[in-house]
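Undergrad: Take a look at this one; I'll ask things after.
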Amino acid sequence: MGAHLETEKYLDSHPGVFTYTSVRAGIYSESFPIYTTWFDLQNPTDEIMIPHSGGGPGVAWAKRDELGEATARLIVSYTNDPAKFQYLNQRVLLSGPREISLAETVDILGRAIGKSIKIREISADEYAALPQNADFLTYHGVNLSKEWTTAWEAIKLGETAVVSPALGKILGREPESFETTIQAMIK
């Protein structure tokens, strides 16, 4: 996000003044509704209308709890031995274990609930006009649905498809798959 990049730029422009680690948390697996027009596993629709075809590149979904755990482990690692902390004055990307296209994401959701779901690509203006977006994308009285359409441009550019081994390395285990996280959400 822009504010995060500006913060990193500020930190970089003041070498030696601040000690920092910039944790770049990947897109939460549990946030899939934001990218699927508020798809609800308990009340599923047959069609997801987004300004994207569903083709790659996709998203390296990461479980929110694991992102939190890894961030906590980084803090503990630093406080236990600052001299050996390997991410000092660096950025660390915590992403899921593999990149999944939006089409595959929708297929995973469909398999989890036993229903065929399709993506219908619509224009950014059509997406912004969907009534459910106003319900979820209004902040302090301002509907940000149109601004949100830039997320699909970022996905198309591969900004959400970067897979890093750091999450698994910090956790000491393979991160949970998107499929497993979704299955657990149904139970």
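Labels for the structure tokens follow display order: chains A, B, ..., residues from 1 in each chain, ligands from 1.
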Residues within 8 Å of Tyr127 in chain A, please, as a PyMOL selection string. Count only C-alpha atoms; anything in the same chain fewer than 5 positions from it doesn't count.
TA: chain A and resi 49-51+122+133+145-146+149
Undergrad: Just list as a PyMOL selection string whatever in chain A DSSP marks as helix (DSSP H, G or I).
TA: chain A and resi 2-12+29-35+64-80+82-84+102-113+124-129+131-136+145-148+150-156+166-171+178-186
Undergrad: If we count only C-alpha atoms and set the cut-off at 10 Å, which residues sit around Trp61 in chain A, ignoring sequence neighbours fewer than 4 positions away in its own chain? Please answer as a list in words.
TA: Gly26, Ile27, Tyr28, Ser29, Glu30, Ser31, Phe32, Leu94, Ser95, Gly96, Pro97, Arg98, Glu99, Ile100, Thr105, Thr160, Ala161, Val162, Val163, Glu176, Ser177, Phe178, Glu179 and Thr181 of chain A
Undergrad: For the residues in the current selection, export N, CA, C and O atoms as an mmCIF file, in the first residue's frame.
TA:
```
data_model
loop_
_atom_site.group_PDB
_atom_site.id
_atom_site.type_symbol
_atom_site.label_atom_id
_atom_site.label_comp_id
_atom_site.auth_asym_id
_atom_site.auth_seq_id
_atom_site.Cartn_x
_atom_site.Cartn_y
_atom_site.Cartn_z
ATOM 1 N N GLY A 26 1.799 -10.794 3.370
ATOM 2 C CA GLY A 26 1.064 -11.120 2.160
ATOM 3 C C GLY A 26 -0.436 -10.973 2.359
ATOM 4 O O GLY A 26 -0.921 -10.654 3.445
ATOM 5 N N ILE A 27 -1.160 -11.207 1.305
ATOM 6 C CA ILE A 27 -2.622 -11.084 1.360
ATOM 7 C C ILE A 27 -3.188 -12.256 2.141
ATOM 8 O O ILE A 27 -2.904 -13.422 1.869
ATOM 9 N N TYR A 28 -3.985 -11.923 3.147
ATOM 10 C CA TYR A 28 -4.576 -12.925 4.025
ATOM 11 C C TYR A 28 -5.483 -13.870 3.238
ATOM 12 O O TYR A 28 -6.347 -13.419 2.485
ATOM 13 N N SER A 29 -5.336 -15.153 3.473
ATOM 14 C CA SER A 29 -6.248 -16.133 2.876
ATOM 15 C C SER A 29 -7.684 -15.825 3.255
ATOM 16 O O SER A 29 -8.602 -15.931 2.435
ATOM 17 N N GLU A 30 -7.882 -15.419 4.500
ATOM 18 C CA GLU A 30 -9.229 -15.156 5.007
ATOM 19 C C GLU A 30 -9.856 -13.911 4.391
ATOM 20 O O GLU A 30 -11.055 -13.675 4.550
ATOM 21 N N SER A 31 -9.073 -13.131 3.650
ATOM 22 C CA SER A 31 -9.611 -11.926 3.008
ATOM 23 C C SER A 31 -10.104 -12.194 1.585
ATOM 24 O O SER A 31 -10.442 -11.250 0.867
ATOM 25 N N PHE A 32 -10.185 -13.462 1.186
ATOM 26 C CA PHE A 32 -10.614 -13.773 -0.180
ATOM 27 C C PHE A 32 -11.918 -13.081 -0.567
ATOM 28 O O PHE A 32 -12.105 -12.746 -1.740
ATOM 29 N N LEU A 94 6.456 -11.831 3.898
ATOM 30 C CA LEU A 94 5.823 -13.047 4.405
ATOM 31 C C LEU A 94 4.659 -13.369 3.475
ATOM 32 O O LEU A 94 3.637 -12.682 3.483
ATOM 33 N N SER A 95 4.831 -14.377 2.661
ATOM 34 C CA SER A 95 3.787 -14.751 1.700
ATOM 35 C C SER A 95 3.416 -16.209 1.878
ATOM 36 O O SER A 95 4.116 -16.960 2.554
ATOM 37 N N GLY A 96 2.338 -16.592 1.221
ATOM 38 C CA GLY A 96 1.924 -17.982 1.222
ATOM 39 C C GLY A 96 2.893 -18.836 0.425
ATOM 40 O O GLY A 96 3.791 -18.322 -0.251
ATOM 41 N N PRO A 97 2.717 -20.155 0.488
ATOM 42 C CA PRO A 97 3.684 -21.081 -0.101
ATOM 43 C C PRO A 97 3.638 -21.201 -1.622
ATOM 44 O O PRO A 97 4.565 -21.725 -2.226
ATOM 45 N N ARG A 98 2.532 -20.710 -2.240
ATOM 46 C CA ARG A 98 2.476 -20.766 -3.708
ATOM 47 C C ARG A 98 1.502 -19.718 -4.232
ATOM 48 O O ARG A 98 0.600 -19.280 -3.537
ATOM 49 N N GLU A 99 1.709 -19.343 -5.473
ATOM 50 C CA GLU A 99 0.844 -18.372 -6.144
ATOM 51 C C GLU A 99 -0.352 -19.110 -6.730
ATOM 52 O O GLU A 99 -0.193 -20.183 -7.310
ATOM 53 N N ILE A 100 -1.536 -18.560 -6.526
ATOM 54 C CA ILE A 100 -2.778 -19.183 -6.998
ATOM 55 C C ILE A 100 -3.546 -18.151 -7.812
ATOM 56 O O ILE A 100 -3.847 -17.061 -7.310
ATOM 57 N N THR A 105 -8.413 -19.869 -7.373
ATOM 58 C CA THR A 105 -8.984 -19.486 -6.079
ATOM 59 C C THR A 105 -10.476 -19.790 -6.064
ATOM 60 O O THR A 105 -10.995 -20.398 -5.125
ATOM 61 N N THR A 160 0.907 -9.380 -6.341
ATOM 62 C CA THR A 160 0.437 -10.248 -5.259
ATOM 63 C C THR A 160 0.877 -11.703 -5.451
ATOM 64 O O THR A 160 0.486 -12.570 -4.679
ATOM 65 N N ALA A 161 1.667 -11.951 -6.476
ATOM 66 C CA ALA A 161 2.048 -13.321 -6.824
ATOM 67 C C ALA A 161 3.447 -13.705 -6.335
ATOM 68 O O ALA A 161 3.900 -14.816 -6.588
ATOM 69 N N VAL A 162 4.108 -12.820 -5.637
ATOM 70 C CA VAL A 162 5.475 -13.091 -5.201
ATOM 71 C C VAL A 162 5.458 -14.085 -4.038
ATOM 72 O O VAL A 162 4.794 -13.868 -3.029
ATOM 73 N N VAL A 163 6.173 -15.164 -4.225
ATOM 74 C CA VAL A 163 6.283 -16.199 -3.192
ATOM 75 C C VAL A 163 7.663 -16.096 -2.560
ATOM 76 O O VAL A 163 8.669 -16.074 -3.263
ATOM 77 N N GLU A 176 0.435 -23.019 6.046
ATOM 78 C CA GLU A 176 -0.810 -23.704 5.695
ATOM 79 C C GLU A 176 -1.247 -23.309 4.291
ATOM 80 O O GLU A 176 -1.183 -22.145 3.903
ATOM 81 N N SER A 177 -1.742 -24.280 3.544
ATOM 82 C CA SER A 177 -2.206 -24.009 2.182
ATOM 83 C C SER A 177 -3.523 -23.246 2.200
ATOM 84 O O SER A 177 -4.294 -23.309 3.167
ATOM 85 N N PHE A 178 -3.777 -22.528 1.119
ATOM 86 C CA PHE A 178 -5.037 -21.804 0.973
ATOM 87 C C PHE A 178 -6.206 -22.778 1.084
ATOM 88 O O PHE A 178 -7.203 -22.499 1.750
ATOM 89 N N GLU A 179 -6.078 -23.938 0.453
ATOM 90 C CA GLU A 179 -7.138 -24.942 0.475
ATOM 91 C C GLU A 179 -7.483 -25.361 1.905
ATOM 92 O O GLU A 179 -8.657 -25.454 2.271
ATOM 93 N N THR A 181 -6.937 -23.692 4.713
ATOM 94 C CA THR A 181 -7.552 -22.567 5.428
ATOM 95 C C THR A 181 -9.027 -22.446 5.059
ATOM 96 O O THR A 181 -9.878 -22.269 5.941
#
```
Undergrad: What parts of range 26-154 of chain A does DSSP call strand (DSSP E)? I'd like the answer as a PyMOL selection string.
TA: chain A and resi 47-50+90-94+118-121+138-139+142-143
Undergrad: Please provide the set of residues having any atom within 7 Å of Ile170 in chain A, restricted to only C-alpha atoms, with same-chain residues fewer than 3 positions apart removed, written as an MDAnalysis selection string.
TA: chainID A and resid 70 166:167
Undergrad: Generate a file of the selected residues that holds all heavy atoms, formatted as a PDB file, in the first residue's frame.
TA:
```pdb
ATOM      1  N   ALA A  70       4.500 -15.311  12.730  1.00  0.00           N
ATOM      2  CA  ALA A  70       5.836 -15.027  12.195  1.00  0.00           C
ATOM      3  C   ALA A  70       6.309 -13.643  12.628  1.00  0.00           C
ATOM      4  O   ALA A  70       7.490 -13.473  12.991  1.00  0.00           O
ATOM      5  CB  ALA A  70       5.829 -15.143  10.671  1.00  0.00           C
ATOM      6  N   ALA A 166      10.358 -16.946   3.331  1.00  0.00           N
ATOM      7  CA  ALA A 166      10.588 -16.394   4.674  1.00  0.00           C
ATOM      8  C   ALA A 166       9.542 -16.846   5.689  1.00  0.00           C
ATOM      9  O   ALA A 166       9.895 -17.150   6.837  1.00  0.00           O
ATOM     10  CB  ALA A 166      10.641 -14.870   4.616  1.00  0.00           C
ATOM     11  N   LEU A 167       8.270 -16.896   5.310  1.00  0.00           N
ATOM     12  CA  LEU A 167       7.234 -17.285   6.274  1.00  0.00           C
ATOM     13  C   LEU A 167       7.502 -18.685   6.813  1.00  0.00           C
ATOM     14  O   LEU A 167       7.506 -18.901   8.030  1.00  0.00           O
ATOM     15  CB  LEU A 167       5.839 -17.193   5.650  1.00  0.00           C
ATOM     16  CG  LEU A 167       4.662 -17.547   6.562  1.00  0.00           C
ATOM     17  CD1 LEU A 167       4.616 -16.640   7.789  1.00  0.00           C
ATOM     18  CD2 LEU A 167       3.348 -17.462   5.781  1.00  0.00           C
TER      19      LEU A 167
END
```
Undergrad: Could you check how far CA of His4 in chain A sits from CA of Gln86 in chain A, in Å to one decimal?
TA: 21.2 Å
Undergrad: Could you jot down the CA of Pro57 in chain A to CA of Arg120 in chain A separation for me, Å, one decimal place?
TA: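 Value for the CA of Pro57 in chain A-CA of Arg120 in chain A distance: 17.2 Å.
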Undergrad: From the options A:Ser116, A:Gln42, A:Gln132, A:Thr21, which residue's atoms come nearest to Pro82 in chain A, counting only C-alpha atoms?
TA: A:Thr21
Undergrad: Could you tell me which of A:Pro175, A:Glu153, A:Ala25, A:Ala60 comes closest to Ser123 in chain A if we count only C-alpha atoms?
TA: A:Glu153
Undergrad: Please report the interatomic distance between CA of Val106 in chain A and CA of Thr180 in chain A in Å with one decimal.
TA: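 According to the coordinates, CA of Val106 in chain A and CA of Thr180 in chain A are separated by 14.3 Å.
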Undergrad: When distances are computed from only C-alpha atoms, which of A:Ser77, A:Thr37, A:Thr45, A:Ser164 shows the smallest separation from Asp135 in chain A?
TA: A:Thr37
Undergrad: Can you tell me which residues surround Tyr20 in chain A at a distance of at most 8 Å, considering only C-alpha atoms, apart from same-chain residues fewer than 5 positions away, and format the answer as a ChimeraX atom specification?
TA: /A:11,88-90
Undergrad: Using only C-alpha atoms, pick whichever of A:Tyr10, A:Ala124, A:Gly16, A:Leu5 has the shortest atom-to-atom distance to Ala151 in chain A.
TA: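 Residue with the minimum atom-to-atom distance to Ala151 in chain A: A:Ala124.
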Undergrad: Of the candidates A:Tyr35, A:Asp81, A:Ile48, A:Glu104, which one gets nearest to Trp148 in chain A if we count only C-alpha atoms?
TA: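 Ranking A:Tyr35, A:Asp81, A:Ile48, A:Glu104 by distance to Trp148 in chain A, first place goes to A:Tyr35.
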